[in-house]
Structure formats: structure tokens, C-alpha cells
Amino acid sequence: DGPSHVGVSGFDSSCLLPSPWEAAGLALLLPPPTLAALASSWLQEDCPGLHVTALVTGAAPSQAALWAKSPGVLAGRPFFDAIFAQLGCQVSWLLPEGSKLVPVTKVAEVRGPAHRLLLGERVALNTLARCSGIASAAAEAVRVARGTGWTGHVAGTRKTTPGFRLVEKYGLLVGGAAPHRYDLGGLVMVKDNHVVAAGDVEQAVRGARRAADFALKVEVECSSLQEAVRAARAGADLVLLDNFQPEVRLGRGPGGTGEGKGPGGLSPAPRCVLQELHPTAAALKAQFPSLVVEASGGVTLGNLPQFCGPHVDVISLGMLTQAAPALDFSLKLFAEGTTPVPHARRS
């Protein structure tokens, strides 16, 4: 059987980057009270006491332009809006969520009292830059995977920034990737430490199945075909093939260094070693056609195509949230009736 296209967390990532209209709909996933609470906590972190520079700027009605200064995917509008809503400022967007950014582009205008615009400036820019960076990395990963003809799921992981997970998971969605489980309650994942604590993989899966009952799926991290077979037989819905070698390596003789030469001192023909991931996935699918196979560990944008194969359903990349570079945005005040420009100061 071919790969399943039902997302682990209920999101279908079998298409490329969502259209701006589809991306805009993702904002419905974000509860307004949660957005308000996050925005309030971020603002309080940045200004827990006196806002001293408010005496410099005053409270006159002002306006600022938001500029995108690096290429990528726009993501994080709901968080940007929530931050300025806390400060009584209004945001007018010129581009929809999920838009492809070409620098230098004016993305939005923000209006409100000068001291409040500047109180929200850095917090809002940090959030938008980080979310857009993750969306951009996710979109690139999906593009690379689709370029191989693979139709499975590119997914994130739970390797997120403490206190910032909602932003980062949302960025994955805007970029067209699956967010994977949001937290420990979204999927029962049995990892190597759980197996050690339980005694063996069978006991660990049985305990997970009891905890999951009918409402949750069970995924088991496996380090070998034998362990994956045991996990599937015990009732796992998904297996995670962690740190499996994705490609065929060629070597000469034992170890590939020329040992074990044949008659006349000639080296034997190259032979394959460590071709683990795809043969393992194929063997699992042959025995358990409905089993979902996930590959993870050491996946980057550079080697992602090597992990794409007909028996791999999900490829998860921690680097999408851990290593995605932030996009460059700036927020510049401008005088009423003038044309805003993306410069620090004007003469």
C-alpha cells in the first residue's frame, strides 16, 4: 500500500504552501483568549515596570508602516494583531497571511498613540519575524519533498521554544507542513526511555494502549526492524524510525576500506551497507499495510530527498522550529500626508 495522507494531527499536508485564502483561515484555530493572554505576557516581559521612553515620544496619534526586508512567507498576523490590540492600536494589512514576500515590501500600517506603537514594536516584530521564518522553512521543505514526487507528510516536532509553541506550530501550518502533536496529550508517543522504564517494547505499548483508549493513537520510536515489528504486533498505530540511514552506501569488502581482497589481490565488487530506512519501511508495510511509518533524525533541507520513499508516510524535521532563521521586518513611523519609506531616519 502507498503512504497514508491523513495527517498525524488531523491536518492534511499533501498539498504545497496553502493559498493566502487558505492560510487566512488558519487563524480560526487560534482562540482569542489565548492570543490575548500570550500578547499580554510578551508585553509584560518587555516592559514589566516604567515605560521610560514614553516621555520621549508622547501620546500623539501616529502611524507606522511595517516593511518586509527579506524574502519568505508572511506568517503570524493574528499574533501581531493581538499585541497591538492590547495597546489600543489598529493594524491595516496590505498582504494576506501566507503571502510570498519580495523585499522591500510594505506589509501593513499600524495606527495609535506614538508611545503605544513603540511599546509594541519590538514584541510584534519578534513574533512576526520568528513565525514567518518557520513558515518559510516549512514551505521550502514541502517544496523540496514534492520535487521528488513524494506525497507524504512533511512535519514538525515538539522541539519548540518554551512559551512560544503556539506561534511555531501555527507557522508550520502556514508553511504547508503538518504540526505533528501539539503537546503530550495529542498523541501517545512511546520513546526509548519509555521502553526502558516499562521493561520492554511490548509492555510499553500495552500501557500506552490502555492510556490512549479509543481517543488517541499510539506511536513507538524504534531503532531496528525487529523492534518495529514487535511494536506493530503489540498494537502501535505508527512507528518512528529514528536515525535510520536514508541512503545506500557503497563499500569494498568488510567496512568498505579494501579489506577482504579476492584472488590475485583484487578488491571485490562494491557492496551495499547500511541501507536501512527504505528496506525497513518496505518490510513493515509488507507485514502491516495500515501501519504509518515516520522517519526522523538528522533530516535537513539538504538531505530531505533521501528520506522520501514510497513506504515512508511522514518525515519530521526538528530544524523547522529549532533552526529556521527569522525574517527581517521593520516598523517605521511616518508623518501624516507623507509617503512612508523603509529607512531608519529621513533627512
# chains A, B, ... in the order shown; residues from 1 in each chain; ligands from 1
>>> select_by_dssp(residues="stretch 95-278 of chain A", states="strand (DSSP E or B)", output="JSON, numbers by chain")
{"A": [100, 101, 105, 106, 107, 108, 109, 110, 111, 112, 113, 153, 154, 155, 178, 188, 189, 190, 218, 219, 220, 221, 222, 238, 239, 240, 241, 242, 249, 250, 251, 271, 272, 273]}
>>> residues_around(residues="stretch 22-26 of chain A", least_positions_apart="6", cutoff="6 Å", atoms="only C-alpha atoms", output="list in words")
Glu97, Gly98 and Val174 of chain A
>>> write_last_selection(atoms="N, CA, C and O atoms", output="CSV table (one decimal), in the first residue's frame")
chain,number,residue,atom,x,y,z
A,97,GLU,N,-2.3,36.6,4.9
A,97,GLU,CA,-1.4,35.6,5.6
A,97,GLU,C,-1.0,34.5,4.5
A,97,GLU,O,-1.8,34.2,3.6
A,98,GLY,N,0.3,34.1,4.6
A,98,GLY,CA,0.7,33.1,3.6
A,98,GLY,C,1.3,33.7,2.3
A,98,GLY,O,1.7,33.0,1.4
A,174,VAL,N,1.0,27.4,8.3
A,174,VAL,CA,1.0,28.4,7.2
A,174,VAL,C,2.0,28.0,6.1
A,174,VAL,O,1.7,28.2,4.9
>>> atom_distance(atom1="atom CA of A:Ala326", atom2="atom CA of A:Gly171")
11.5 Å
>>> select_by_dssp(residues="stretch 3-155 of chain A", states="alpha helix (DSSP H)", output="PyMOL selection string")
chain A and resi 20-25+32-46+54-57+77-86+114-146
>>> residues_around(residues="stretch 52-65 of chain A", least_positions_apart="4", cutoff="9 Å", atoms="only C-alpha atoms", output="list of chain:residue names")
A:Lys106, A:Val107, A:Ala108, A:Glu109, A:Val110, A:Arg111, A:Gly112, A:Pro113, A:Ala114, A:His115, A:Arg116, A:Leu117, A:Leu118, A:Leu119, A:Ser330, A:Leu331, A:Lys332, A:Leu333, A:Phe334, A:Ala335, A:Glu336, A:Pro340, A:Val341, A:Pro342
>>> write_last_selection(atoms="C-alpha atoms", output="PDB file, in the first residue's frame")
ATOM      1  CA  LYS A 106       5.110  47.322   2.702  1.00  0.00           C
ATOM      2  CA  VAL A 107       3.027  44.721   4.508  1.00  0.00           C
ATOM      3  CA  ALA A 108       0.800  46.729   6.860  1.00  0.00           C
ATOM      4  CA  GLU A 109       0.168  50.040   8.588  1.00  0.00           C
ATOM      5  CA  VAL A 110      -0.386  50.455  12.316  1.00  0.00           C
ATOM      6  CA  ARG A 111      -2.113  53.471  13.918  1.00  0.00           C
ATOM      7  CA  GLY A 112      -2.311  54.559  17.519  1.00  0.00           C
ATOM      8  CA  PRO A 113      -0.675  56.770  20.160  1.00  0.00           C
ATOM      9  CA  ALA A 114       3.052  57.111  19.486  1.00  0.00           C
ATOM     10  CA  HIS A 115       4.164  55.699  22.844  1.00  0.00           C
ATOM     11  CA  ARG A 116       1.962  52.642  22.420  1.00  0.00           C
ATOM     12  CA  LEU A 117       3.117  51.966  18.863  1.00  0.00           C
ATOM     13  CA  LEU A 118       6.695  51.894  20.112  1.00  0.00           C
ATOM     14  CA  LEU A 119       5.812  49.844  23.181  1.00  0.00           C
ATOM     15  CA  SER A 330      10.888  46.810  10.411  1.00  0.00           C
ATOM     16  CA  LEU A 331       8.232  49.182  11.699  1.00  0.00           C
ATOM     17  CA  LYS A 332       8.815  52.841  10.783  1.00  0.00           C
ATOM     18  CA  LEU A 333       6.775  55.830  11.894  1.00  0.00           C
ATOM     19  CA  PHE A 334       5.862  58.359   9.220  1.00  0.00           C
ATOM     20  CA  ALA A 335       4.166  61.758   9.267  1.00  0.00           C
ATOM     21  CA  GLU A 336       0.569  62.074   8.152  1.00  0.00           C
ATOM     22  CA  PRO A 340       6.373  56.045   4.231  1.00  0.00           C
ATOM     23  CA  VAL A 341       9.839  54.718   3.409  1.00  0.00           C
ATOM     24  CA  PRO A 342      11.653  51.731   4.940  1.00  0.00           C
TER      25      PRO A 342
END
>>> closest_residue(among="A:Val205, A:Val73, A:Val299, A:Ala137", to="A:Gly235", atoms="only C-alpha atoms")
A:Val205
>>> atom_distance(atom1="atom CA of A:Gly337", atom2="atom CA of A:Thr105")
19.5 Å
>>> atom_distance(atom1="atom CA of A:Glu168", atom2="atom CA of A:Glu140")
15.7 Å
>>> closest_residue(among="A:Ile134, A:Asp46, A:Ser290, A:Val190", to="A:Gln322", atoms="only C-alpha atoms")
A:Ile134
>>> residues_around(residues="stretch 237-246 of chain A", least_positions_apart="4", cutoff="6 Å", atoms="only C-alpha atoms", output="number ranges by chain")
A: 218-222, 276-277, 291-297, 306-307
>>> residues_around(residues="A:His278", least_positions_apart="3", cutoff="7 Å", atoms="only C-alpha atoms", output="list in words")
Pro246, Ala281, Ala282, Gly309 and His311 of chain A
